[in-house]
>>> print(open('query24.pdb').read())   # PDB, C-alpha atoms
ATOM      1  CA  MET D1213       0.000   0.000   0.000  1.00  0.00           C
ATOM      2  CA  SER D1214       1.349   3.421  -0.942  1.00  0.00           C
ATOM      3  CA  LEU D1215       0.091   6.940  -1.359  1.00  0.00           C
ATOM      4  CA  ASN D1216      -0.046   6.260  -5.109  1.00  0.00           C
ATOM      5  CA  ASN D1217      -3.236   4.281  -4.425  1.00  0.00           C
ATOM      6  CA  PHE D1218      -4.946   7.565  -3.597  1.00  0.00           C
ATOM      7  CA  LYS D1219      -3.901   9.342  -6.790  1.00  0.00           C
ATOM      8  CA  LEU D1220      -6.517  10.116  -9.434  1.00  0.00           C
ATOM      9  CA  ASP D1221      -4.239  11.158 -12.278  1.00  0.00           C
ATOM     10  CA  GLY D1222      -5.940  10.756 -15.654  1.00  0.00           C
ATOM     11  CA  ARG D1223      -9.381  10.198 -14.133  1.00  0.00           C
ATOM     12  CA  VAL D1224     -12.532  12.127 -14.976  1.00  0.00           C
ATOM     13  CA  ALA D1225     -15.006  12.766 -12.169  1.00  0.00           C
ATOM     14  CA  ILE D1226     -18.580  13.968 -12.607  1.00  0.00           C
ATOM     15  CA  VAL D1227     -19.699  15.948  -9.569  1.00  0.00           C
ATOM     16  CA  THR D1228     -23.273  17.195  -9.341  1.00  0.00           C
ATOM     17  CA  GLY D1229     -24.122  20.315  -7.384  1.00  0.00           C
ATOM     18  CA  CYS D1230     -20.529  21.550  -7.111  1.00  0.00           C
ATOM     19  CA  ASN D1231     -20.948  25.308  -7.476  1.00  0.00           C
ATOM     20  CA  THR D1232     -20.770  25.828  -3.688  1.00  0.00           C
ATOM     21  CA  GLY D1233     -20.629  23.995  -0.372  1.00  0.00           C
ATOM     22  CA  LEU D1234     -19.991  20.296   0.000  1.00  0.00           C
ATOM     23  CA  GLY D1235     -20.039  19.631  -3.730  1.00  0.00           C
ATOM     24  CA  GLN D1236     -17.435  22.288  -4.334  1.00  0.00           C
ATOM     25  CA  GLY D1237     -15.282  20.891  -1.540  1.00  0.00           C
ATOM     26  CA  MET D1238     -15.419  17.387  -3.003  1.00  0.00           C
ATOM     27  CA  ALA D1239     -14.725  18.578  -6.548  1.00  0.00           C
ATOM     28  CA  LEU D1240     -11.638  20.468  -5.373  1.00  0.00           C
ATOM     29  CA  ALA D1241     -10.417  17.469  -3.370  1.00  0.00           C
ATOM     30  CA  LEU D1242     -10.717  15.198  -6.410  1.00  0.00           C
ATOM     31  CA  ALA D1243      -8.865  17.750  -8.545  1.00  0.00           C
ATOM     32  CA  GLN D1244      -6.126  18.031  -5.920  1.00  0.00           C
ATOM     33  CA  ALA D1245      -5.749  14.253  -6.174  1.00  0.00           C
ATOM     34  CA  GLY D1246      -5.320  14.523  -9.953  1.00  0.00           C
ATOM     35  CA  ALA D1247      -8.786  14.277 -11.540  1.00  0.00           C
ATOM     36  CA  ASP D1248     -10.395  16.424 -14.213  1.00  0.00           C
ATOM     37  CA  ILE D1249     -13.877  17.561 -13.183  1.00  0.00           C
ATOM     38  CA  VAL D1250     -17.211  17.610 -14.969  1.00  0.00           C
ATOM     39  CA  GLY D1251     -19.500  19.870 -12.948  1.00  0.00           C
ATOM     40  CA  VAL D1252     -23.268  19.501 -13.320  1.00  0.00           C
ATOM     41  CA  ASN D1253     -25.112  22.471 -11.831  1.00  0.00           C
ATOM     42  CA  LEU D1254     -28.176  24.632 -12.156  1.00  0.00           C
ATOM     43  CA  SER D1255     -26.192  27.839 -11.672  1.00  0.00           C
ATOM     44  CA  THR D1256     -22.791  29.123 -12.715  1.00  0.00           C
ATOM     45  CA  PRO D1257     -19.897  27.356 -10.938  1.00  0.00           C
ATOM     46  CA  ASP D1258     -17.372  30.098 -11.753  1.00  0.00           C
ATOM     47  CA  ASP D1259     -15.498  29.873  -8.450  1.00  0.00           C
ATOM     48  CA  THR D1260     -15.223  26.077  -8.586  1.00  0.00           C
ATOM     49  CA  LYS D1261     -14.084  26.189 -12.216  1.00  0.00           C
ATOM     50  CA  MET D1262     -11.444  28.799 -11.413  1.00  0.00           C
ATOM     51  CA  GLN D1263     -10.063  26.806  -8.473  1.00  0.00           C
ATOM     52  CA  VAL D1264      -9.976  23.497 -10.377  1.00  0.00           C
ATOM     53  CA  GLU D1265      -8.183  25.086 -13.319  1.00  0.00           C
ATOM     54  CA  ALA D1266      -5.731  26.792 -10.948  1.00  0.00           C
ATOM     55  CA  LEU D1267      -4.763  23.285  -9.849  1.00  0.00           C
ATOM     56  CA  GLY D1268      -3.866  22.471 -13.460  1.00  0.00           C
ATOM     57  CA  HIS D1269      -6.928  20.379 -14.266  1.00  0.00           C
ATOM     58  CA  ARG D1270      -9.791  20.728 -16.698  1.00  0.00           C
ATOM     59  CA  PHE D1271     -13.307  21.692 -15.657  1.00  0.00           C
ATOM     60  CA  LEU D1272     -16.237  21.029 -17.975  1.00  0.00           C
ATOM     61  CA  ASP D1273     -19.237  23.185 -17.026  1.00  0.00           C
ATOM     62  CA  LEU D1274     -22.561  21.443 -17.721  1.00  0.00           C
ATOM     63  CA  ARG D1275     -25.994  22.774 -16.749  1.00  0.00           C
ATOM     64  CA  ALA D1276     -29.050  20.699 -15.940  1.00  0.00           C
ATOM     65  CA  ASN D1277     -32.036  20.437 -13.654  1.00  0.00           C
ATOM     66  CA  LEU D1278     -31.539  16.914 -12.364  1.00  0.00           C
ATOM     67  CA  SER D1279     -35.120  16.712 -11.163  1.00  0.00           C
ATOM     68  CA  ASP D1280     -35.708  15.877 -14.837  1.00  0.00           C
ATOM     69  CA  ILE D1281     -33.865  12.615 -15.420  1.00  0.00           C
ATOM     70  CA  GLY D1282     -34.298  13.051 -19.180  1.00  0.00           C
ATOM     71  CA  SER D1283     -31.093  15.100 -19.246  1.00  0.00           C
ATOM     72  CA  ILE D1284     -28.835  12.428 -17.727  1.00  0.00           C
ATOM     73  CA  ASP D1285     -27.857  10.428 -20.821  1.00  0.00           C
ATOM     74  CA  GLY D1286     -26.919  13.645 -22.615  1.00  0.00           C
ATOM     75  CA  LEU D1287     -24.778  14.719 -19.671  1.00  0.00           C
ATOM     76  CA  ILE D1288     -22.864  11.445 -19.831  1.00  0.00           C
ATOM     77  CA  ARG D1289     -22.261  11.952 -23.577  1.00  0.00           C
ATOM     78  CA  GLN D1290     -21.008  15.484 -22.981  1.00  0.00           C
ATOM     79  CA  ALA D1291     -18.751  14.334 -20.142  1.00  0.00           C
ATOM     80  CA  LEU D1292     -17.066  11.897 -22.527  1.00  0.00           C
ATOM     81  CA  THR D1293     -15.809  14.830 -24.595  1.00  0.00           C
ATOM     82  CA  LEU D1294     -13.035  15.446 -22.045  1.00  0.00           C
ATOM     83  CA  THR D1295     -11.073  12.224 -22.508  1.00  0.00           C
ATOM     84  CA  GLY D1296     -13.493   9.688 -23.963  1.00  0.00           C
ATOM     85  CA  SER D1297     -14.013   8.007 -20.589  1.00  0.00           C
ATOM     86  CA  ILE D1298     -15.457   8.695 -17.175  1.00  0.00           C
ATOM     87  CA  HIS D1299     -14.254   7.048 -13.997  1.00  0.00           C
ATOM     88  CA  ILE D1300     -16.017   8.624 -11.017  1.00  0.00           C
ATOM     89  CA  LEU D1301     -19.518   9.894 -10.266  1.00  0.00           C
ATOM     90  CA  VAL D1302     -20.318  11.923  -7.159  1.00  0.00           C
ATOM     91  CA  ASN D1303     -24.092  12.245  -6.727  1.00  0.00           C
ATOM     92  CA  ASN D1304     -24.220  15.339  -4.535  1.00  0.00           C
ATOM     93  CA  ALA D1305     -27.022  17.577  -5.856  1.00  0.00           C
ATOM     94  CA  GLY D1306     -29.884  17.849  -3.390  1.00  0.00           C
ATOM     95  CA  ILE D1307     -32.419  20.072  -1.652  1.00  0.00           C
ATOM     96  CA  ILE D1308     -34.293  20.174   1.641  1.00  0.00           C
ATOM     97  CA  ARG D1309     -37.760  21.449   2.565  1.00  0.00           C
ATOM     98  CA  ARG D1310     -38.733  22.098   6.202  1.00  0.00           C
ATOM     99  CA  GLU D1311     -42.331  21.867   7.417  1.00  0.00           C
ATOM    100  CA  ASP D1312     -44.315  19.986  10.051  1.00  0.00           C
ATOM    101  CA  ALA D1313     -45.196  16.560   8.711  1.00  0.00           C
ATOM    102  CA  ILE D1314     -48.887  17.221   9.332  1.00  0.00           C
ATOM    103  CA  ASN D1315     -48.753  20.141   6.868  1.00  0.00           C
ATOM    104  CA  PHE D1316     -46.284  18.731   4.338  1.00  0.00           C
ATOM    105  CA  THR D1317     -47.378  19.104   0.705  1.00  0.00           C
ATOM    106  CA  GLU D1318     -47.139  16.665  -2.173  1.00  0.00           C
ATOM    107  CA  LYS D1319     -45.049  19.194  -4.101  1.00  0.00           C
ATOM    108  CA  ASP D1320     -42.475  19.482  -1.331  1.00  0.00           C
ATOM    109  CA  TRP D1321     -42.385  15.691  -1.139  1.00  0.00           C
ATOM    110  CA  ASP D1322     -41.942  15.187  -4.890  1.00  0.00           C
ATOM    111  CA  ASP D1323     -39.425  18.020  -5.368  1.00  0.00           C
ATOM    112  CA  VAL D1324     -37.094  16.598  -2.724  1.00  0.00           C
ATOM    113  CA  VAL D1325     -37.462  12.915  -3.557  1.00  0.00           C
ATOM    114  CA  ASP D1326     -37.117  13.487  -7.313  1.00  0.00           C
ATOM    115  CA  LEU D1327     -33.787  15.292  -6.923  1.00  0.00           C
ATOM    116  CA  ASN D1328     -32.325  13.602  -3.857  1.00  0.00           C
ATOM    117  CA  LEU D1329     -33.230  10.004  -4.669  1.00  0.00           C
ATOM    118  CA  LYS D1330     -34.683   9.445  -8.142  1.00  0.00           C
ATOM    119  CA  SER D1331     -31.926  11.354  -9.930  1.00  0.00           C
ATOM    120  CA  VAL D1332     -29.271   9.624  -7.805  1.00  0.00           C
ATOM    121  CA  PHE D1333     -30.450   6.211  -8.946  1.00  0.00           C
ATOM    122  CA  PHE D1334     -30.760   7.091 -12.627  1.00  0.00           C
ATOM    123  CA  PHE D1335     -27.452   8.987 -12.787  1.00  0.00           C
ATOM    124  CA  ALA D1336     -25.756   6.009 -11.118  1.00  0.00           C
ATOM    125  CA  GLN D1337     -27.429   3.704 -13.648  1.00  0.00           C
ATOM    126  CA  ALA D1338     -26.220   5.807 -16.591  1.00  0.00           C
ATOM    127  CA  ALA D1339     -22.681   5.986 -15.204  1.00  0.00           C
ATOM    128  CA  ALA D1340     -22.592   2.252 -14.549  1.00  0.00           C
ATOM    129  CA  ARG D1341     -23.682   1.518 -18.114  1.00  0.00           C
ATOM    130  CA  GLN D1342     -20.783   3.643 -19.372  1.00  0.00           C
ATOM    131  CA  PHE D1343     -18.337   1.946 -16.991  1.00  0.00           C
ATOM    132  CA  MET D1344     -19.461  -1.429 -18.354  1.00  0.00           C
ATOM    133  CA  VAL D1345     -19.007  -0.272 -21.961  1.00  0.00           C
ATOM    134  CA  GLN D1346     -15.509   0.951 -21.097  1.00  0.00           C
ATOM    135  CA  GLY D1347     -14.689  -2.264 -19.265  1.00  0.00           C
ATOM    136  CA  THR D1348     -12.734  -0.237 -16.729  1.00  0.00           C
ATOM    137  CA  GLY D1349     -14.949  -0.407 -13.673  1.00  0.00           C
ATOM    138  CA  GLY D1350     -15.668   2.808 -11.825  1.00  0.00           C
ATOM    139  CA  LYS D1351     -16.494   4.570  -8.594  1.00  0.00           C
ATOM    140  CA  ILE D1352     -19.928   5.895  -7.638  1.00  0.00           C
ATOM    141  CA  ILE D1353     -20.180   7.999  -4.480  1.00  0.00           C
ATOM    142  CA  ASN D1354     -23.640   9.006  -3.303  1.00  0.00           C
ATOM    143  CA  VAL D1355     -24.177  11.714  -0.710  1.00  0.00           C
ATOM    144  CA  ALA D1356     -26.344  10.429   2.113  1.00  0.00           C
ATOM    145  CA  SER D1357     -26.907  12.136   5.476  1.00  0.00           C
ATOM    146  CA  MET D1358     -27.182  11.592   9.212  1.00  0.00           C
ATOM    147  CA  LEU D1359     -30.887  11.364   8.387  1.00  0.00           C
ATOM    148  CA  SER D1360     -30.119   8.154   6.538  1.00  0.00           C
ATOM    149  CA  PHE D1361     -29.830   6.809  10.106  1.00  0.00           C
ATOM    150  CA  GLN D1362     -32.170   9.081  12.072  1.00  0.00           C
ATOM    151  CA  GLY D1363     -35.676  10.434  11.675  1.00  0.00           C
ATOM    152  CA  GLY D1364     -35.095  14.138  12.045  1.00  0.00           C
ATOM    153  CA  VAL D1365     -37.796  16.734  12.686  1.00  0.00           C
ATOM    154  CA  ARG D1366     -39.830  18.676  10.096  1.00  0.00           C
ATOM    155  CA  VAL D1367     -37.974  17.155   7.124  1.00  0.00           C
ATOM    156  CA  PRO D1368     -40.000  14.051   6.174  1.00  0.00           C
ATOM    157  CA  SER D1369     -39.179  14.022   2.462  1.00  0.00           C
ATOM    158  CA  TYR D1370     -35.490  14.698   3.095  1.00  0.00           C
ATOM    159  CA  THR D1371     -35.320  11.852   5.620  1.00  0.00           C
ATOM    160  CA  ALA D1372     -37.088   9.517   3.205  1.00  0.00           C
ATOM    161  CA  SER D1373     -34.784  10.474   0.351  1.00  0.00           C
ATOM    162  CA  LYS D1374     -31.569  10.120   2.323  1.00  0.00           C
ATOM    163  CA  SER D1375     -32.667   6.830   3.864  1.00  0.00           C
ATOM    164  CA  GLY D1376     -33.320   5.706   0.311  1.00  0.00           C
ATOM    165  CA  VAL D1377     -29.864   6.843  -0.814  1.00  0.00           C
ATOM    166  CA  MET D1378     -28.231   4.563   1.740  1.00  0.00           C
ATOM    167  CA  GLY D1379     -30.502   1.703   0.677  1.00  0.00           C
ATOM    168  CA  ILE D1380     -29.851   1.972  -3.052  1.00  0.00           C
ATOM    169  CA  THR D1381     -26.133   2.380  -2.386  1.00  0.00           C
ATOM    170  CA  ARG D1382     -26.198  -1.104  -0.854  1.00  0.00           C
ATOM    171  CA  ALA D1383     -28.460  -2.531  -3.540  1.00  0.00           C
ATOM    172  CA  LEU D1384     -26.381  -1.237  -6.448  1.00  0.00           C
ATOM    173  CA  ALA D1385     -23.149  -2.406  -4.820  1.00  0.00           C
ATOM    174  CA  ASN D1386     -24.612  -5.908  -4.612  1.00  0.00           C
ATOM    175  CA  GLU D1387     -25.345  -5.972  -8.339  1.00  0.00           C
ATOM    176  CA  TRP D1388     -22.374  -4.087  -9.757  1.00  0.00           C
ATOM    177  CA  ALA D1389     -19.381  -5.179  -7.670  1.00  0.00           C
ATOM    178  CA  LYS D1390     -18.862  -8.057 -10.116  1.00  0.00           C
ATOM    179  CA  HIS D1391     -18.270  -5.415 -12.816  1.00  0.00           C
ATOM    180  CA  ASN D1392     -15.573  -3.732 -10.684  1.00  0.00           C
ATOM    181  CA  ILE D1393     -17.974  -0.868 -10.002  1.00  0.00           C
ATOM    182  CA  HIS D1394     -17.768   0.319  -6.415  1.00  0.00           C
ATOM    183  CA  VAL D1395     -20.863   2.046  -5.040  1.00  0.00           C
ATOM    184  CA  ASN D1396     -20.521   3.741  -1.660  1.00  0.00           C
ATOM    185  CA  ALA D1397     -21.884   6.808   0.124  1.00  0.00           C
ATOM    186  CA  ILE D1398     -20.762   9.607   2.393  1.00  0.00           C
ATOM    187  CA  ALA D1399     -23.092  10.796   5.160  1.00  0.00           C
ATOM    188  CA  PRO D1400     -22.140  14.316   6.258  1.00  0.00           C
ATOM    189  CA  GLY D1401     -23.151  15.571   9.684  1.00  0.00           C
ATOM    190  CA  TYR D1402     -24.019  19.148  10.528  1.00  0.00           C
ATOM    191  CA  MET D1403     -22.082  21.158   7.953  1.00  0.00           C
ATOM    192  CA  ALA D1404     -21.655  24.910   7.617  1.00  0.00           C
ATOM    193  CA  THR D1405     -23.304  25.356   4.208  1.00  0.00           C
ATOM    194  CA  ASP D1406     -26.131  27.387   2.694  1.00  0.00           C
ATOM    195  CA  ASN D1407     -28.616  24.650   3.708  1.00  0.00           C
ATOM    196  CA  THR D1408     -27.846  25.200   7.392  1.00  0.00           C
ATOM    197  CA  THR D1409     -27.669  29.007   7.485  1.00  0.00           C
ATOM    198  CA  ALA D1410     -30.974  29.297   9.343  1.00  0.00           C
ATOM    199  CA  LEU D1411     -29.989  26.681  11.919  1.00  0.00           C
ATOM    200  CA  ARG D1412     -26.662  28.338  12.627  1.00  0.00           C
ATOM    201  CA  ALA D1413     -28.380  31.713  12.977  1.00  0.00           C
ATOM    202  CA  ASP D1414     -30.803  30.289  15.581  1.00  0.00           C
ATOM    203  CA  GLU D1415     -28.887  30.716  18.844  1.00  0.00           C
ATOM    204  CA  VAL D1416     -30.860  28.068  20.728  1.00  0.00           C
ATOM    205  CA  ARG D1417     -30.667  25.426  17.992  1.00  0.00           C
ATOM    206  CA  ASN D1418     -27.029  26.200  17.218  1.00  0.00           C
ATOM    207  CA  THR D1419     -26.039  25.775  20.862  1.00  0.00           C
ATOM    208  CA  ALA D1420     -27.980  22.514  21.185  1.00  0.00           C
ATOM    209  CA  ILE D1421     -26.353  21.100  18.056  1.00  0.00           C
ATOM    210  CA  LEU D1422     -22.825  22.034  19.090  1.00  0.00           C
ATOM    211  CA  GLU D1423     -23.340  20.570  22.565  1.00  0.00           C
ATOM    212  CA  ARG D1424     -24.073  17.170  21.020  1.00  0.00           C
ATOM    213  CA  ILE D1425     -21.187  17.088  18.527  1.00  0.00           C
ATOM    214  CA  PRO D1426     -18.130  15.587  20.266  1.00  0.00           C
ATOM    215  CA  ALA D1427     -15.831  17.533  17.915  1.00  0.00           C
ATOM    216  CA  GLY D1428     -17.444  20.724  19.214  1.00  0.00           C
ATOM    217  CA  ARG D1429     -17.850  22.423  15.830  1.00  0.00           C
ATOM    218  CA  TRP D1430     -19.817  22.416  12.615  1.00  0.00           C
ATOM    219  CA  GLY D1431     -18.186  20.545   9.754  1.00  0.00           C
ATOM    220  CA  ILE D1432     -16.830  22.338   6.699  1.00  0.00           C
ATOM    221  CA  PRO D1433     -16.597  21.175   3.062  1.00  0.00           C
ATOM    222  CA  ALA D1434     -12.887  20.376   3.434  1.00  0.00           C
ATOM    223  CA  ASP D1435     -13.807  17.697   5.989  1.00  0.00           C
ATOM    224  CA  LEU D1436     -15.133  15.575   3.114  1.00  0.00           C
ATOM    225  CA  ALA D1437     -11.867  15.746   1.155  1.00  0.00           C
ATOM    226  CA  GLY D1438     -10.247  12.638   2.623  1.00  0.00           C
ATOM    227  CA  PRO D1439     -13.333  10.403   2.464  1.00  0.00           C
ATOM    228  CA  VAL D1440     -14.242  11.349  -1.124  1.00  0.00           C
ATOM    229  CA  VAL D1441     -10.695  10.841  -2.429  1.00  0.00           C
ATOM    230  CA  PHE D1442     -10.486   7.502  -0.616  1.00  0.00           C
ATOM    231  CA  LEU D1443     -13.766   6.258  -2.091  1.00  0.00           C
ATOM    232  CA  ALA D1444     -12.847   7.530  -5.575  1.00  0.00           C
ATOM    233  CA  SER D1445      -9.402   5.916  -5.587  1.00  0.00           C
ATOM    234  CA  GLU D1446      -7.864   2.468  -5.798  1.00  0.00           C
ATOM    235  CA  ALA D1447      -7.341   2.615  -2.034  1.00  0.00           C
ATOM    236  CA  SER D1448     -11.009   1.624  -1.624  1.00  0.00           C
ATOM    237  CA  ASN D1449     -11.063  -1.247  -4.105  1.00  0.00           C
ATOM    238  CA  TYR D1450     -12.508  -3.682  -1.546  1.00  0.00           C
ATOM    239  CA  VAL D1451     -15.084  -1.260  -0.141  1.00  0.00           C
ATOM    240  CA  ASN D1452     -18.594  -1.879  -1.456  1.00  0.00           C
ATOM    241  CA  GLY D1453     -22.025  -0.693  -0.289  1.00  0.00           C
ATOM    242  CA  THR D1454     -20.695   1.263   2.679  1.00  0.00           C
ATOM    243  CA  THR D1455     -21.907   4.607   4.000  1.00  0.00           C
ATOM    244  CA  VAL D1456     -19.068   6.556   5.626  1.00  0.00           C
ATOM    245  CA  THR D1457     -20.236   9.025   8.271  1.00  0.00           C
ATOM    246  CA  VAL D1458     -18.414  12.349   8.524  1.00  0.00           C
ATOM    247  CA  ASP D1459     -20.198  13.921  11.465  1.00  0.00           C
ATOM    248  CA  GLY D1460     -17.711  14.905  14.165  1.00  0.00           C
ATOM    249  CA  GLY D1461     -19.017  12.006  16.267  1.00  0.00           C
ATOM    250  CA  TRP D1462     -22.702  13.024  16.246  1.00  0.00           C
ATOM    251  CA  LEU D1463     -24.041   9.493  15.693  1.00  0.00           C
ATOM    252  CA  ALA D1464     -21.696   8.028  18.286  1.00  0.00           C
ATOM    253  CA  ARG D1465     -23.066  10.314  21.011  1.00  0.00           C
TER     254      ARG D1465
END
>>> encode(input="query24.pdb", output="structure tokens")
Amino acid sequence: MSLNNFKLDGRVAIVTGCNTGLGQGMALALAQAGADIVGVNLSTPDDTKMQVEALGHRFLDLRANLSDIGSIDGLIRQALTLTGSIHILVNNAGIIRREDAINFTEKDWDDVVDLNLKSVFFFAQAAARQFMVQGTGGKIINVASMLSFQGGVRVPSYTASKSGVMGITRALANEWAKHNIHVNAIAPGYMATDNTTALRADEVRNTAILERIPAGRWGIPADLAGPVVFLASEASNYVNGTTVTVDGGWLAR
């Protein structure tokens, strides 16, 4: 075993939702390890593109609303224009809606589940088909959550979607490991991102959250760098169907 097992030189990684936050952090980590990046976003990822290119790697900027899975096959075809192959998929794009379960609407249910779960499955399916055509195997990394393990409060569709992400990660690993396709997930804890701005601004909730986290702080995007590079690299070649928690010890409390 050597540090070369963690290198991603010559690899192409598709990262969804990488214009800011956790997706940006993971895209930069993969580029630092040697990968070229295909970013799939709704909005302009100028900052991510600039930072990836400053590392000496290519960044292909693709736009799509992944709630519509009809765009996925075209995104794979466009991604192939970089080197003719893809090697890594990070399914990160997602949203959250907060409301009491008793008042939750069908729209808020469908919007979250369509993006957080349905698109994850069908993007993984499209990537796996390409990996099989290439005959090279590949790495699929889904972004789960602490709410893949817990129920949460006022986020029923998010909890359902992230519980589903952990489930399909296991199911796809069972079917595709024989093709040298490794499907795993990362479950971030409480992270300082746009999605948690309101929680961090709420003094009572912020204090309660920090008191439970053994690490004593909110996570930051850079905390996902090691786990995502590990799961994207040859160092994880015997890791299948696992969800790696990155939560400062929250679930262990």
>>> axis_aligned_box(input="query24.pdb", around="stretch 1358-1376 of chain D", padding_each_side="5 Å", output="JSON")
{"center_x": -33.6, "center_y": 12.2, "center_z": 6.5, "size_x": 22.8, "size_y": 23.0, "size_z": 22.4}
>>> resolve_selection(input="query24.pdb", expression="the PyMOL selection byres ((chain D and resi 1376-1384) around 10)", output="ChimeraX atom specification")
/D:1303,1325,1328-1330,1332-1333,1336-1337,1340,1352-1357,1359-1361,1370-1375,1385-1389,1393-1399,1452-1455
>>> closest_residue(input="query24.pdb", among="D:Leu1327, D:Leu1301, D:Ile1425, D:Val1250", to="D:Arg1465", atoms="only C-alpha atoms")
D:Ile1425
>>> resolve_selection(input="query24.pdb", expression="the PyMOL selection byres ((chain D and resi 1218) around 7)", output="VMD selection string")
chain D and resid 1215 to 1217 1219 to 1220 1441 to 1442 1445 to 1447
>>> atom_distance(input="query24.pdb", atom1="atom CA of D:Gly1401", atom2="atom CA of D:Val1458")
5.8 Å
>>> resolve_selection(input="query24.pdb", expression="the PyMOL selection byres ((chain D and resi 1280-1289) around 7)", output="PDB file with C-alpha atoms, in the frame of the given file")
ATOM      1  CA  ALA D1276     -29.050  20.699 -15.940  1.00  0.00           C
ATOM      2  CA  ASN D1277     -32.036  20.437 -13.654  1.00  0.00           C
ATOM      3  CA  LEU D1278     -31.539  16.914 -12.364  1.00  0.00           C
ATOM      4  CA  SER D1279     -35.120  16.712 -11.163  1.00  0.00           C
ATOM      5  CA  GLN D1290     -21.008  15.484 -22.981  1.00  0.00           C
ATOM      6  CA  ALA D1291     -18.751  14.334 -20.142  1.00  0.00           C
ATOM      7  CA  LEU D1292     -17.066  11.897 -22.527  1.00  0.00           C
ATOM      8  CA  SER D1331     -31.926  11.354  -9.930  1.00  0.00           C
ATOM      9  CA  PHE D1334     -30.760   7.091 -12.627  1.00  0.00           C
ATOM     10  CA  PHE D1335     -27.452   8.987 -12.787  1.00  0.00           C
ATOM     11  CA  ALA D1338     -26.220   5.807 -16.591  1.00  0.00           C
TER      12      ALA D1338
END
>>> residues_around(input="query24.pdb", residues="D:Gly1431", least_positions_apart="3", cutoff="12 Å", atoms="only C-alpha atoms", output="ChimeraX atom specification")
/D:1233-1234,1237,1399-1405,1408,1412,1421-1422,1425-1428,1434-1437,1457-1462
>>> residues_near_point(input="query24.pdb", point="(-14.7, 17.0, -19.8)", cutoff="12 Å", atoms="all atoms listed in the file", output="short mmCIF file (atom, residue, chain, number, x, y, z; two decimals) with C-alpha atoms, in the frame of the given file")
data_model
loop_
_atom_site.label_atom_id
_atom_site.label_comp_id
_atom_site.auth_asym_id
_atom_site.auth_seq_id
_atom_site.Cartn_x
_atom_site.Cartn_y
_atom_site.Cartn_z
CA GLY D 1222 -5.94 10.76 -15.65
CA ARG D 1223 -9.38 10.20 -14.13
CA VAL D 1224 -12.53 12.13 -14.98
CA ALA D 1225 -15.01 12.77 -12.17
CA ILE D 1226 -18.58 13.97 -12.61
CA VAL D 1227 -19.70 15.95 -9.57
CA ALA D 1247 -8.79 14.28 -11.54
CA ASP D 1248 -10.40 16.42 -14.21
CA ILE D 1249 -13.88 17.56 -13.18
CA VAL D 1250 -17.21 17.61 -14.97
CA GLY D 1251 -19.50 19.87 -12.95
CA VAL D 1252 -23.27 19.50 -13.32
CA LYS D 1261 -14.08 26.19 -12.22
CA HIS D 1269 -6.93 20.38 -14.27
CA ARG D 1270 -9.79 20.73 -16.70
CA PHE D 1271 -13.31 21.69 -15.66
CA LEU D 1272 -16.24 21.03 -17.98
CA ASP D 1273 -19.24 23.18 -17.03
CA LEU D 1274 -22.56 21.44 -17.72
CA LEU D 1287 -24.78 14.72 -19.67
CA ILE D 1288 -22.86 11.44 -19.83
CA ARG D 1289 -22.26 11.95 -23.58
CA GLN D 1290 -21.01 15.48 -22.98
CA ALA D 1291 -18.75 14.33 -20.14
CA LEU D 1292 -17.07 11.90 -22.53
CA THR D 1293 -15.81 14.83 -24.60
CA LEU D 1294 -13.04 15.45 -22.04
CA THR D 1295 -11.07 12.22 -22.51
CA GLY D 1296 -13.49 9.69 -23.96
CA SER D 1297 -14.01 8.01 -20.59
CA ILE D 1298 -15.46 8.70 -17.18
CA HIS D 1299 -14.25 7.05 -14.00
#
>>> residues_around(input="query24.pdb", residues="D:Gly1229", least_positions_apart="5", cutoff="6 Å", atoms="all atoms listed in the file", output="PyMOL selection string")
chain D and resi 1235+1253+1304-1305
>>> closest_residue(input="query24.pdb", among="D:Val1367, D:Gly1347, D:Glu1265, D:Gln1342", to="D:Val1324", atoms="all atoms listed in the file")
D:Val1367
>>> atom_distance(input="query24.pdb", atom1="atom CA of D:Thr1317", atom2="atom CA of D:Arg1275")
27.8 Å
